[in-house]
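So the structure is just underneath, and the comments pick up after that.
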Amino acid sequence: MEYVTLNNGVQMPVLGYGVYQIPDAEECERCVSDAISAGYRSIDTAQAYRNEEAVGHAIKKSGVAREEFFITTKVWISNAGYERAKASIEESMRKLQLDYLDLVLIHQPFNDYYGTYRAMEELYKAGKIRAIGVSNFYPDRYIDLVKFSEVVPAVNQVETHVFHQQTAAHEIMKKYNTQIESWGPFAEGRNNFFTNATLQEVGDQYNKSVAQVALRYLIQRGVVVIPKTVSKDRMEQNISVFDFELTAADMERIAALDTGESAFFSHADPQTVEFMTDYAKKGLE
């Protein structure tokens with residue numbers, strides 16, 4: 001495994017396993033157990049995924065030492081604000097059966113995320129969290145948070161894949177020393193991702209799949225990736241991306257796939273904001 005060094009010196013695996021959209025406890029526990037056996041040590045979950053307990057069970061049953069893991073969770077919109085966020089993070093640790101977390105992110109840039117970040121800063125300083133950051137923060141809100149916080153976010157997890165490469169946002173994160181992390185590195189199969197001719201042609205040179213080429217491309221650009229799959233075979237394929245390197249010409253070909261637009265939605269779109277905030281008001285119970 002390769003690692004990136006976050007702005008506070010913490011080492012984070014450049015490739016991890018994401019558990020988004022695996023709410024079934026039994027299946028999630030099985031998937032995380034499979035991922036651990038395949039060599040993954042970075043696991044990315046969230047309060048809104050409703051599977052922190054399953055992740056915790058798999059970690060505990062694995063027999064792998066706690067210090068080998070890098071566990072990420074995220075504070076949901078309905079838990080925003082200092083008091084709520086602090087209590088929810090403690091609850092996440094209880095569900096995960098952990099006495100500290102490696103990374104905690106603000107999941108969405110809505111509600112009282114300043115209060116949330118203050119709680120995270122406090123728990124970070126107390127040693128309960130090794131690194132703190134944000135998710136889905138566009139450059140405007142990201143810069144605003146950086147300018148008015150004591151701890152610069154270590155990570156910003158944003159939609160990043162070959163069709164939406166976030167080059168401008170990535171440069172801004174570099175300026176403030178925040179690590180970019182990709183969610184949706186396969187664009188969830190949109191835009192005919194898995195049959196893309198360019199990715200297939202590049203992959204054929206190395207006997208690698210479209211998914212492996214896409215992950216390798218992001219890693220070589222300095223992007224942390226957390227691909228999600230429920231198939232152990234694909235887990236093993238996704239982690240097998242450290243035995244080849246794309247050439248400068250390969251990188252240029254793939255860079256040309258960038259549309260500069262989201263394959264999903266914009267957090268700046270009023271309808272998206274209304275949908276997410278209305279959904280969040282329902283809570284997680």
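Each chain in the structure tokens gets a letter, A, B, ..., in the order shown, and its residues are numbered from 1; ligands are numbered from 1 in order too.
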
### Message
Need the shell around region 269-281 of chain A: protein/DNA/RNA residues with any atom at most 10 Å away, counting only C-alpha atoms. Skip same-chain ones fewer than 4 positions apart. Format as a PyMOL selection string?
### Response
chain A and resi 48+76-79+108-111+265

Take the residues from that selection and put them in a file with N, CA and C atoms, as a short mmCIF file (atom, residue, chain, number, x, y, z; two decimals), in the first residue's frame.
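Saved to again.cif:
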data_model
loop_
_atom_site.label_atom_id
_atom_site.label_comp_id
_atom_site.auth_asym_id
_atom_site.auth_seq_id
_atom_site.Cartn_x
_atom_site.Cartn_y
_atom_site.Cartn_z
N ALA A 48 -24.69 8.76 7.91
CA ALA A 48 -25.84 8.66 7.02
C ALA A 48 -25.91 7.34 6.27
N TRP A 76 -23.40 13.84 9.75
CA TRP A 76 -24.51 14.15 8.86
C TRP A 76 -25.13 15.50 9.18
N ILE A 77 -25.85 16.04 8.21
CA ILE A 77 -26.45 17.38 8.30
C ILE A 77 -27.31 17.54 9.55
N SER A 78 -28.11 16.52 9.87
CA SER A 78 -29.02 16.62 11.01
C SER A 78 -28.28 16.63 12.34
N ASN A 79 -27.01 16.27 12.33
CA ASN A 79 -26.20 16.31 13.56
C ASN A 79 -25.29 17.52 13.60
N GLN A 108 -21.67 17.19 4.51
CA GLN A 108 -22.24 18.12 3.54
C GLN A 108 -22.10 19.55 4.04
N PRO A 109 -21.96 20.52 3.13
CA PRO A 109 -21.74 21.92 3.55
C PRO A 109 -23.03 22.66 3.88
N PHE A 110 -23.86 22.04 4.73
CA PHE A 110 -25.15 22.63 5.07
C PHE A 110 -25.36 22.63 6.58
N ASN A 111 -26.32 23.44 7.03
CA ASN A 111 -26.64 23.61 8.44
C ASN A 111 -25.44 24.26 9.15
N PHE A 265 -24.85 15.86 -9.41
CA PHE A 265 -25.61 17.05 -9.05
C PHE A 265 -24.65 18.11 -8.55
#

### Message
Would you pick out the contacts of region 13-17 of chain A at 9 Å or less, using only C-alpha atoms, so that residues sharing its chain but fewer than 2 positions from it are not included, and give the list as a ChimeraX atom specification?
### Response
/A:1-5,11,19,32,35-36,40-45,70,181,215,219,222-229,235,238-239

Go ahead and write the residues just picked, C-alpha atoms, as an mmCIF file, in the first residue's frame.
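Just written: part_28.cif:
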data_model
loop_
_atom_site.group_PDB
_atom_site.id
_atom_site.type_symbol
_atom_site.label_atom_id
_atom_site.label_comp_id
_atom_site.auth_asym_id
_atom_site.auth_seq_id
_atom_site.Cartn_x
_atom_site.Cartn_y
_atom_site.Cartn_z
ATOM 1 C CA MET A 1 0.000 0.000 0.000
ATOM 2 C CA GLU A 2 1.098 3.554 -0.698
ATOM 3 C CA TYR A 3 0.341 6.436 1.653
ATOM 4 C CA VAL A 4 -0.133 10.184 1.599
ATOM 5 C CA THR A 5 1.021 12.388 4.460
ATOM 6 C CA GLN A 11 -0.227 8.821 7.202
ATOM 7 C CA VAL A 19 -19.282 1.317 2.196
ATOM 8 C CA VAL A 32 -15.803 -5.142 5.102
ATOM 9 C CA ALA A 35 -12.052 -6.084 2.058
ATOM 10 C CA ILE A 36 -9.863 -6.555 5.125
ATOM 11 C CA TYR A 40 -7.642 -2.988 2.730
ATOM 12 C CA ARG A 41 -6.936 -1.116 5.944
ATOM 13 C CA SER A 42 -8.673 2.182 5.202
ATOM 14 C CA ILE A 43 -12.458 1.939 5.604
ATOM 15 C CA ASP A 44 -14.745 4.888 4.814
ATOM 16 C CA THR A 45 -18.215 5.019 6.376
ATOM 17 C CA PHE A 70 -7.491 4.039 9.103
ATOM 18 C CA GLU A 181 -10.088 12.463 -1.727
ATOM 19 C CA LEU A 215 -7.930 4.332 -10.015
ATOM 20 C CA ILE A 219 -3.596 7.999 -7.574
ATOM 21 C CA GLY A 222 -2.300 12.630 -5.939
ATOM 22 C CA VAL A 223 -5.951 11.786 -5.269
ATOM 23 C CA VAL A 224 -6.925 9.387 -2.468
ATOM 24 C CA VAL A 225 -9.527 6.858 -3.663
ATOM 25 C CA ILE A 226 -12.143 4.739 -1.847
ATOM 26 C CA PRO A 227 -13.773 2.479 -4.452
ATOM 27 C CA LYS A 228 -16.880 0.588 -3.388
ATOM 28 C CA THR A 229 -17.936 -2.859 -4.556
ATOM 29 C CA MET A 235 -12.070 -5.651 -4.292
ATOM 30 C CA ASN A 238 -9.239 -2.542 -7.230
ATOM 31 C CA ILE A 239 -6.381 -2.875 -4.776
#

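If you measure from each of A:Lys74, A:Arg50, A:Arg221, A:Lys61 to Asp24 (chain A) using only C-alpha atoms, the closest one turns out to be A:Arg50.
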
### Task
List every residue of region 129-190 of chain A that DSSP, applied to the backbone, labels as helix (DSSP H, G or I), and write the result as a PyMOL selection string.
chain A and resi 139-147+167-175+187-190

Take the residues that were just selected and, keeping C-alpha atoms, output them as a CSV table (one decimal), in the first residue's frame.
chain,number,residue,atom,x,y,z
A,139,PRO,CA,-13.8,26.1,-3.2
A,140,ASP,CA,-15.9,29.1,-1.9
A,141,ARG,CA,-17.1,27.4,1.3
A,142,TYR,CA,-13.9,25.5,1.7
A,143,ILE,CA,-11.8,28.7,1.6
A,144,ASP,CA,-14.2,30.4,4.0
A,145,LEU,CA,-13.9,27.5,6.5
A,146,VAL,CA,-10.1,27.5,6.2
A,147,LYS,CA,-9.8,31.2,6.9
A,167,THR,CA,-8.4,20.2,-11.4
A,168,ALA,CA,-9.2,23.8,-10.3
A,169,ALA,CA,-10.5,22.7,-6.9
A,170,HIS,CA,-7.5,20.4,-6.5
A,171,GLU,CA,-5.1,23.3,-7.0
A,172,ILE,CA,-6.9,25.4,-4.4
A,173,MET,CA,-6.7,22.5,-1.9
A,174,LYS,CA,-3.0,22.2,-2.6
A,175,LYS,CA,-2.6,25.9,-1.9
A,187,ALA,CA,-18.8,7.7,-11.5
A,188,GLU,CA,-21.1,4.9,-10.4
A,189,GLY,CA,-20.9,3.6,-14.0
A,190,ARG,CA,-22.4,6.8,-15.5

### Task
Can you work out the spacing between CA of Thr198 (chain A) and CA of Thr247 (chain A) in Å, to one decimal?
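Computing the Euclidean distance for CA of Thr198 (chain A) and CA of Thr247 (chain A) yields 13.9 Å.
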